[in-house]
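Enquirer: Once you've had a glance at the structure underneath, I'll fire off some questions.
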Amino acid sequence: MRGNPMLDKLDKQLIAKIKDWLEDELGTYSEYEDDVCVGRKECAEMLLEQINKWEKENESMENICW
């Protein structure tokens with residue numbers, strides 16, 4: 001949503017909330033060993049990694065384009 005400061009701020013807030021929730025998932029399910037909890041933890045880990053990757057790619061593109 002580049003170019004619209006209000007939407008940019010909303011995007012950042014939403015991503016921050018998602019990351020907070022995923023980090024909470026990691027903490028909540030790190031102690032359990034059953035398949036469902038392990039799966040939730042792995043999903044949260046992978047999604048956090050992917051979000052961080054996309055954020056870095058986005059920063060790189062902003063430096064090139066702006």
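Note on naming: chains are A, B, ... as they come in the structure tokens, residues start from 1 per chain, ligands start from 1 in the order shown.
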Neighbouring residues of stretch 6-17 of chain A were defined as those with any atom within 10 Å, considering only C-alpha atoms; residues of the same chain fewer than 5 positions away were excluded. Please report them as a list in words.

Expert: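 In the requested form, the answer reads Met1, Leu22, Glu23, Ile51 and Glu55 of chain A.
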
Enquirer: Just give me the gap between atom CA of A:Glu33 and atom CA of A:Glu45 in Å, one decimal is fine.

Expert: 15.5 Å

Enquirer: Contacts of A:Met46 at 12 Å or less, counting only C-alpha atoms, minus same-chain residues fewer than 3 places along, as number ranges by chain?

Expert: A: 19, 22-23, 25-26, 39-43, 49-53

Enquirer: Out of stretch 5-34 of chain A, which residues get helix (DSSP H, G or I) from DSSP, as a PyMOL selection string?

Expert: chain A and resi 5-29
